[in-house]
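**Student:** The file below is structure_1.json, JSON, C-alpha atoms:
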[["chain", "number", "residue", "atom", "x", "y", "z"],
["I", 8, "MET", "CA", -38.99, 2.92, 11.65],
["I", 9, "GLY", "CA", -39.63, -0.77, 12.40],
["I", 10, "PRO", "CA", -37.45, -3.77, 11.65],
["I", 11, "GLU", "CA", -39.33, -4.54, 8.44],
["I", 12, "MET", "CA", -38.79, -0.99, 7.14],
["I", 13, "VAL", "CA", -35.08, -1.04, 8.05],
["I", 14, "ALA", "CA", -34.71, -4.35, 6.23],
["I", 15, "ALA", "CA", -36.46, -2.87, 3.21],
["I", 16, "ALA", "CA", -34.18, 0.15, 3.48],
["I", 17, "ALA", "CA", -31.17, -2.11, 3.19],
["I", 18, "ALA", "CA", -32.46, -3.48, -0.10],
["I", 19, "ALA", "CA", -33.34, -0.15, -1.74],
["I", 20, "THR", "CA", -32.96, 3.49, -0.82],
["I", 21, "VAL", "CA", -35.46, 5.17, -3.14],
["I", 22, "GLY", "CA", -39.02, 5.45, -1.92],
["I", 23, "VAL", "CA", -38.40, 4.09, 1.56],
["I", 24, "GLU", "CA", -39.61, 6.43, 4.24],
["I", 25, "ALA", "CA", -38.47, 6.87, 7.81],
["I", 26, "GLU", "CA", -40.12, 8.89, 10.52],
["I", 27, "GLY", "CA", -37.98, 11.00, 12.78],
["I", 28, "ASP", "CA", -39.12, 13.83, 15.04],
["I", 29, "GLY", "CA", -42.33, 14.28, 13.06],
["I", 30, "LEU", "CA", -40.55, 14.33, 9.67],
["I", 31, "LYS", "CA", -41.05, 11.93, 6.81],
["I", 32, "LEU", "CA", -37.76, 11.36, 5.00],
["I", 33, "THR", "CA", -36.53, 9.04, 2.31],
["I", 34, "LEU", "CA", -33.62, 6.84, 3.36],
["I", 35, "ASP", "CA", -31.28, 8.85, 1.11],
["I", 36, "GLU", "CA", -32.15, 11.99, 3.08],
["I", 37, "LEU", "CA", -32.04, 10.21, 6.43],
["I", 38, "LEU", "CA", -28.59, 8.73, 5.83],
["I", 39, "ARG", "CA", -27.12, 11.80, 4.17],
["I", 40, "ILE", "CA", -23.45, 12.28, 5.11],
["I", 41, "GLY", "CA", -23.24, 14.63, 8.07],
["I", 42, "SER", "CA", -26.81, 14.05, 9.29],
["I", 43, "GLY", "CA", -27.45, 13.02, 12.87],
["I", 44, "VAL", "CA", -29.17, 9.69, 13.52],
["I", 45, "CYS", "CA", -30.08, 7.43, 16.39],
["I", 46, "ALA", "CA", -29.73, 3.76, 15.46],
["I", 47, "THR", "CA", -31.01, 0.93, 17.65],
["I", 48, "THR", "CA", -29.88, -2.61, 16.91],
["I", 49, "ILE", "CA", -32.01, -5.75, 17.19],
["I", 50, "HIS", "CA", -30.06, -6.42, 20.42],
["I", 51, "ASN", "CA", -31.36, -3.10, 21.80],
["I", 52, "VAL", "CA", -27.96, -1.34, 21.64],
["I", 53, "GLN", "CA", -28.34, 2.33, 20.77],
["I", 54, "TYR", "CA", -25.88, 4.56, 18.89],
["I", 55, "GLN", "CA", -26.27, 8.31, 18.43],
["I", 56, "GLY", "CA", -23.93, 9.89, 15.96],
["I", 57, "THR", "CA", -23.17, 11.47, 12.62],
["I", 58, "VAL", "CA", -23.40, 9.60, 9.33],
["I", 59, "LEU", "CA", -19.97, 9.22, 7.75],
["I", 60, "ALA", "CA", -20.97, 6.86, 4.94],
["I", 61, "CYS", "CA", -23.65, 4.43, 3.88],
["I", 62, "HIS", "CA", -23.16, 1.58, 1.43],
["I", 63, "ASN", "CA", -26.52, 0.19, 0.39],
["I", 64, "ASN", "CA", -25.29, -2.79, -1.62],
["I", 65, "THR", "CA", -23.56, -4.25, 1.45],
["I", 66, "HIS", "CA", -26.06, -2.73, 3.92],
["I", 67, "GLN", "CA", -23.32, -0.95, 5.87],
["I", 68, "LEU", "CA", -23.75, 2.25, 7.84],
["I", 69, "PHE", "CA", -20.72, 4.11, 9.23],
["I", 70, "LEU", "CA", -21.40, 6.38, 12.20],
["I", 71, "SER", "CA", -19.11, 8.75, 14.05],
["I", 72, "VAL", "CA", -20.00, 8.54, 17.74],
["I", 73, "PRO", "CA", -18.43, 10.41, 20.69],
["I", 74, "GLY", "CA", -15.56, 8.51, 22.31],
["I", 75, "LYS", "CA", -13.30, 9.17, 25.29],
["I", 76, "ASP", "CA", -11.20, 12.31, 25.80],
["I", 77, "ASN", "CA", -12.93, 14.41, 23.10],
["I", 78, "THR", "CA", -12.27, 11.79, 20.44],
["I", 79, "ASN", "CA", -14.63, 10.06, 18.05],
["I", 80, "ASP", "CA", -15.17, 6.37, 17.45],
["I", 81, "VAL", "CA", -16.30, 5.02, 14.11],
["I", 82, "VAL", "CA", -19.04, 2.40, 14.38],
["I", 83, "LEU", "CA", -19.95, 0.06, 11.54],
["I", 84, "LEU", "CA", -23.57, -1.10, 11.59],
["I", 85, "ASN", "CA", -25.50, -3.58, 9.47],
["I", 86, "LEU", "CA", -28.72, -1.94, 8.25],
["I", 87, "LYS", "CA", -30.45, -5.34, 8.34],
["I", 88, "ALA", "CA", -29.60, -5.68, 12.05],
["I", 89, "LEU", "CA", -31.32, -2.43, 13.09],
["I", 90, "SER", "CA", -34.73, -2.36, 14.75],
["I", 91, "LYS", "CA", -35.07, 1.43, 14.69],
["I", 92, "LEU", "CA", -33.48, 4.34, 12.87],
["I", 93, "ASP", "CA", -34.43, 7.95, 13.67],
["I", 94, "THR", "CA", -33.17, 11.39, 12.74],
["I", 95, "LEU", "CA", -31.85, 13.76, 15.40],
["I", 96, "GLN", "CA", -32.54, 17.45, 15.62],
["I", 97, "PRO", "CA", -29.38, 19.57, 15.13],
["I", 98, "ASP", "CA", -29.25, 20.42, 18.85],
["I", 99, "VAL", "CA", -29.38, 16.71, 19.76],
["I", 100, "VAL", "CA", -26.61, 15.62, 17.39],
["I", 101, "PRO", "CA", -23.42, 14.80, 19.38],
["I", 102, "THR", "CA", -21.26, 17.91, 19.47],
["I", 103, "SER", "CA", -17.91, 16.19, 19.03],
["I", 104, "PRO", "CA", -16.64, 17.09, 15.59],
["I", 105, "ALA", "CA", -16.66, 14.30, 13.03],
["I", 106, "PRO", "CA", -13.17, 13.16, 12.05],
["I", 107, "THR", "CA", -11.95, 14.86, 8.91],
["I", 108, "LEU", "CA", -10.25, 12.78, 6.28],
["I", 109, "SER", "CA", -6.94, 14.17, 5.12],
["I", 110, "GLN", "CA", -6.69, 15.00, 1.44],
["I", 111, "LEU", "CA", -4.71, 12.50, -0.59],
["I", 112, "ASN", "CA", -1.58, 13.74, -2.31],
["I", 113, "VAL", "CA", -2.02, 11.92, -5.63],
["I", 114, "SER", "CA", 1.34, 12.98, -7.07],
["I", 115, "GLU", "CA", 3.17, 11.73, -3.94],
["I", 116, "ILE", "CA", 1.33, 8.40, -4.13],
["I", 117, "GLU", "CA", 2.20, 8.07, -7.83],
["I", 118, "THR", "CA", 5.88, 8.87, -7.11],
["I", 119, "ARG", "CA", 5.94, 6.24, -4.35],
["I", 120, "ARG", "CA", 4.26, 3.71, -6.65],
["I", 121, "LEU", "CA", 6.80, 4.30, -9.42],
["I", 122, "LYS", "CA", 9.68, 3.94, -6.93],
["I", 123, "ASN", "CA", 8.28, 0.63, -5.70],
["I", 124, "VAL", "CA", 7.82, -0.62, -9.27],
["I", 125, "ASP", "CA", 11.39, 0.43, -10.07],
["I", 126, "LYS", "CA", 12.71, -1.40, -6.97],
["I", 127, "LYS", "CA", 10.85, -4.56, -7.94],
["I", 128, "TRP", "CA", 12.17, -4.45, -11.49],
["I", 129, "LYS", "CA", 15.71, -4.01, -10.14],
["I", 130, "ARG", "CA", 15.24, -7.07, -7.91],
["I", 131, "ILE", "CA", 14.01, -9.06, -10.90],
["I", 132, "ASN", "CA", 16.89, -7.90, -13.09],
["I", 133, "ASN", "CA", 19.39, -8.74, -10.34],
["I", 134, "VAL", "CA", 18.63, -12.42, -10.75],
["I", 135, "GLY", "CA", 20.87, -14.02, -13.34],
["I", 136, "VAL", "CA", 19.27, -16.42, -15.83],
["I", 137, "GLY", "CA", 21.08, -19.71, -16.33],
["I", 138, "VAL", "CA", 23.91, -18.89, -13.91],
["I", 139, "SER", "CA", 25.23, -20.94, -11.01],
["I", 140, "ALA", "CA", 24.39, -20.26, -7.37],
["I", 141, "GLU", "CA", 28.02, -19.22, -6.79],
["I", 142, "ALA", "CA", 27.78, -16.66, -9.61],
["I", 143, "GLN", "CA", 24.57, -15.22, -8.12],
["I", 144, "GLN", "CA", 26.21, -14.98, -4.68],
["I", 145, "LEU", "CA", 29.15, -13.10, -6.17],
["I", 146, "PHE", "CA", 26.77, -10.76, -8.00],
["I", 147, "ASP", "CA", 24.81, -10.06, -4.80],
["I", 148, "LYS", "CA", 28.05, -9.38, -2.90],
["I", 149, "LEU", "CA", 29.34, -6.93, -5.52],
["I", 150, "ASN", "CA", 25.90, -5.36, -5.90],
["I", 151, "ASN", "CA", 26.04, -4.31, -2.24],
["I", 152, "GLN", "CA", 28.95, -2.01, -3.11],
["I", 153, "TYR", "CA", 28.39, -1.14, -6.77],
["I", 154, "GLU", "CA", 25.41, -1.09, -9.07],
["I", 155, "CYS", "CA", 25.76, -4.28, -11.08],
["I", 156, "SER", "CA", 23.78, -5.77, -13.93],
["I", 157, "TRP", "CA", 23.67, -8.99, -15.89],
["I", 158, "ASP", "CA", 24.62, -9.13, -19.57],
["I", 159, "LYS", "CA", 23.48, -12.66, -20.37],
["I", 160, "GLU", "CA", 25.81, -14.67, -18.08],
["I", 161, "GLU", "CA", 28.34, -11.89, -17.46],
["I", 162, "ILE", "CA", 28.42, -9.54, -14.47],
["I", 163, "CYS", "CA", 28.82, -5.88, -15.47],
["I", 164, "ILE", "CA", 29.95, -3.13, -13.10],
["I", 165, "GLU", "CA", 29.44, -0.04, -15.24],
["I", 166, "THR", "CA", 30.75, 2.48, -12.70],
["I", 167, "LEU", "CA", 34.12, 0.66, -12.74],
["I", 168, "ASN", "CA", 33.91, -0.25, -16.45],
["I", 169, "VAL", "CA", 34.57, -3.89, -15.51],
["I", 170, "ARG", "CA", 33.05, -7.15, -16.75],
["I", 171, "ILE", "CA", 33.32, -10.57, -15.07],
["I", 172, "LYS", "CA", 32.91, -13.56, -17.33],
["I", 173, "CYS", "CA", 32.19, -17.18, -16.47],
["I", 174, "PRO", "CA", 33.67, -18.94, -14.41],
["I", 175, "TYR", "CA", 33.74, -15.71, -12.32],
["I", 176, "THR", "CA", 37.32, -16.00, -11.08],
["I", 177, "THR", "CA", 40.05, -13.37, -10.93],
["I", 178, "GLY", "CA", 41.25, -14.60, -14.33],
["I", 179, "SER", "CA", 37.88, -13.78, -15.95],
["I", 180, "VAL", "CA", 37.85, -10.07, -15.01],
["I", 181, "CYS", "CA", 38.26, -7.69, -17.96],
["I", 182, "SER", "CA", 37.42, -4.17, -19.08],
["I", 183, "MET", "CA", 33.97, -3.48, -20.56],
["I", 184, "SER", "CA", 35.52, -1.43, -23.38],
["I", 185, "HIS", "CA", 38.82, -1.77, -25.21],
["I", 186, "GLU", "CA", 39.16, 2.00, -25.48],
["I", 187, "ARG", "CA", 39.24, 2.64, -21.73],
["I", 188, "VAL", "CA", 41.02, -0.03, -19.71],
["I", 189, "ASP", "CA", 41.29, 0.83, -16.02],
["I", 190, "GLU", "CA", 43.83, -1.55, -14.50],
["I", 191, "LYS", "CA", 43.19, -0.12, -11.03],
["I", 192, "SER", "CA", 39.47, -1.00, -11.21],
["I", 193, "ILE", "CA", 40.22, -4.46, -12.59],
["I", 194, "SER", "CA", 42.71, -5.09, -9.76],
["I", 195, "HIS", "CA", 40.15, -3.85, -7.21],
["I", 196, "VAL", "CA", 37.44, -6.22, -8.51],
["I", 197, "LYS", "CA", 39.89, -9.12, -8.46],
["I", 198, "THR", "CA", 40.57, -8.35, -4.79],
["I", 199, "LEU", "CA", 36.81, -8.40, -4.08],
["I", 200, "ILE", "CA", 36.47, -11.76, -5.83],
["I", 201, "ASP", "CA", 39.36, -13.18, -3.78],
["I", 202, "ARG", "CA", 37.74, -11.96, -0.54],
["I", 203, "HIS", "CA", 34.42, -13.46, -1.56],
["I", 204, "SER", "CA", 36.05, -16.80, -2.41],
["I", 205, "THR", "CA", 37.88, -17.04, 0.93],
["I", 206, "SER", "CA", 34.80, -16.00, 2.95],
["I", 207, "ARG", "CA", 32.65, -18.86, 1.60]]
Could you quickly redo this structure as structure tokens?
**Tutor:**
Amino acid sequence: MGPEMVAAAAAATVGVEAEGDGLKLTLDELLRIGSGVCATTIHNVQYQGTVLACHNNTHQLFLSVPGKDNTNDVVLLNLKALSKLDTLQPDVVPTSPAPTLSQLNVSEIETRRLKNVDKKWKRINNVGVGVSAEAQQLFDKLNNQYECSWDKEEICIETLNVRIKCPYTTGSVCSMSHERVDEKSISHVKTLIDRHSTSR
């Protein structure tokens, strides 16, 4: 298969023929996944290996070729940069097994994706709208210990049933509900605010 035929093969796969060991094959058959080929580049570099993939639109050929220590290397070749492309008889194909691709666990990927989306939404929701930098710093500090959220400009710590109103001082700490007032939690949050104020 000469340079002109390889170039034509890069443009279209149907109807192009390649000769290899006395056989006439279409390019689709020649570059079938798992088939053995010998590819020579226009720089006279030769690769013998197994076809892993072939992408005709981008003229890319992926070959698995024997590497060191019973491993395989994956070589990416440009079909337009080949001067010769021949098939190999089964007994000539390199004996090193082609690397097998592990099966994707779609459900695990989807779970990971949803977790990442959830994390990003939490980061977005952790940013107060229209609040001062000091209020955001206090929120971030409390959010390291408790799960906090913004209710407009007020910091809510639902696990403690405590709400911190503007201007975010110890005097603006109150219970989230009138039915259940936990003085111990309110006192604890006031202590955290004092510590935050003195550490700045």
**Student:** At a cut-off of 9 Å from (26.8, -5.1, -11.2) in the coordinates of the file, what residues are picked up using only C-alpha atoms, written as a VMD selection string?
**Tutor:** chain I and resid 133 146 to 147 149 to 150 152 to 157 162 to 166 169 to 170
**Student:** So which one's closest to Val81 in chain I, I:Val134, I:Val196, I:Ala142, I:Leu59? Using all atoms listed in the file, please.
**Tutor:**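 Looking at the shortest contact to Val81 in chain I, the residue is I:Leu59.
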**Student:** So, with all atoms listed in the file as the atoms that count, which of I:Val124, I:Cys61, I:Ile171, I:Ala46 lies closest to Ser90 in chain I?
**Tutor:**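 The closest residue to Ser90 in chain I is I:Ala46.
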**Student:** If we count all atoms listed in the file and set the cut-off at 9 Å, which residues sit around His203 in chain I, ignoring sequence neighbours fewer than 5 positions away in its own chain? Please answer as a VMD selection string.
**Tutor:** chain I and resid 144 to 145 148 198
**Student:** Calculated over all atoms listed in the file, which of the candidates I:Leu86, I:Val180, I:Ile200, I:Cys45 has the smallest distance to Asn168 in chain I?
**Tutor:** I:Val180
**Student:** Do you have the CA of Asp201 in chain I-CA of Ser139 in chain I distance handy?
**Tutor:**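 Going from CA of Asp201 in chain I over to CA of Ser139 in chain I, I get 17.7 Å.
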**Student:** Of the residues I:Leu111, I:Leu70, I:Cys173, I:Met183, which is the one nearest to Gln53 in chain I, using all atoms listed in the file?
**Tutor:**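 Nearest candidate to Gln53 in chain I out of I:Leu111, I:Leu70, I:Cys173, I:Met183: I:Leu70.
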**Student:** Please report the interatomic distance between CA of Thr65 in chain I and CA of Asn85 in chain I in Å with one decimal.
**Tutor:**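 Answer for the CA of Thr65 in chain I to CA of Asn85 in chain I separation: 8.3 Å.
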**Student:** To one decimal in Å, tell me the separation between CA of Lys122 in chain I and CA of Asn151 in chain I.
**Tutor:**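 Taking CA of Lys122 in chain I and CA of Asn151 in chain I, their separation equals 18.9 Å.
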**Student:** Find the residue from I:Leu68, I:Leu121, I:Val138, I:Ile116 that sits nearest to Arg39 in chain I; use only C-alpha atoms when measuring.
**Tutor:** I:Leu68
**Student:** Which of these, I:Asp158, I:Gln55, I:His66, I:Ser192, has the shortest distance to Asn79 in chain I once you count all atoms listed in the file?
**Tutor:** I:Gln55
**Student:** If we count only C-alpha atoms and set the cut-off at 7 Å, which residues sit around Gly43 in chain I, ignoring sequence neighbours fewer than 2 positions away in its own chain? Please answer as a VMD selection string.
**Tutor:** chain I and resid 41 56 to 58 94 to 95 100
**Student:** Using only C-alpha atoms, can you list as an mmCIF file with C-alpha atoms, keeping the file's coordinate frame the residues within 12 Å of (-29.5, -5.7, 20.8)?
**Tutor:**
data_model
loop_
_atom_site.group_PDB
_atom_site.id
_atom_site.type_symbol
_atom_site.label_atom_id
_atom_site.label_comp_id
_atom_site.auth_asym_id
_atom_site.auth_seq_id
_atom_site.Cartn_x
_atom_site.Cartn_y
_atom_site.Cartn_z
ATOM 1 C CA ALA I 46 -29.730 3.760 15.460
ATOM 2 C CA THR I 47 -31.010 0.930 17.650
ATOM 3 C CA THR I 48 -29.880 -2.610 16.910
ATOM 4 C CA ILE I 49 -32.010 -5.750 17.190
ATOM 5 C CA HIS I 50 -30.060 -6.420 20.420
ATOM 6 C CA ASN I 51 -31.360 -3.100 21.800
ATOM 7 C CA VAL I 52 -27.960 -1.340 21.640
ATOM 8 C CA GLN I 53 -28.340 2.330 20.770
ATOM 9 C CA TYR I 54 -25.880 4.560 18.890
ATOM 10 C CA LEU I 84 -23.570 -1.100 11.590
ATOM 11 C CA ALA I 88 -29.600 -5.680 12.050
ATOM 12 C CA LEU I 89 -31.320 -2.430 13.090
ATOM 13 C CA SER I 90 -34.730 -2.360 14.750
ATOM 14 C CA LYS I 91 -35.070 1.430 14.690
#
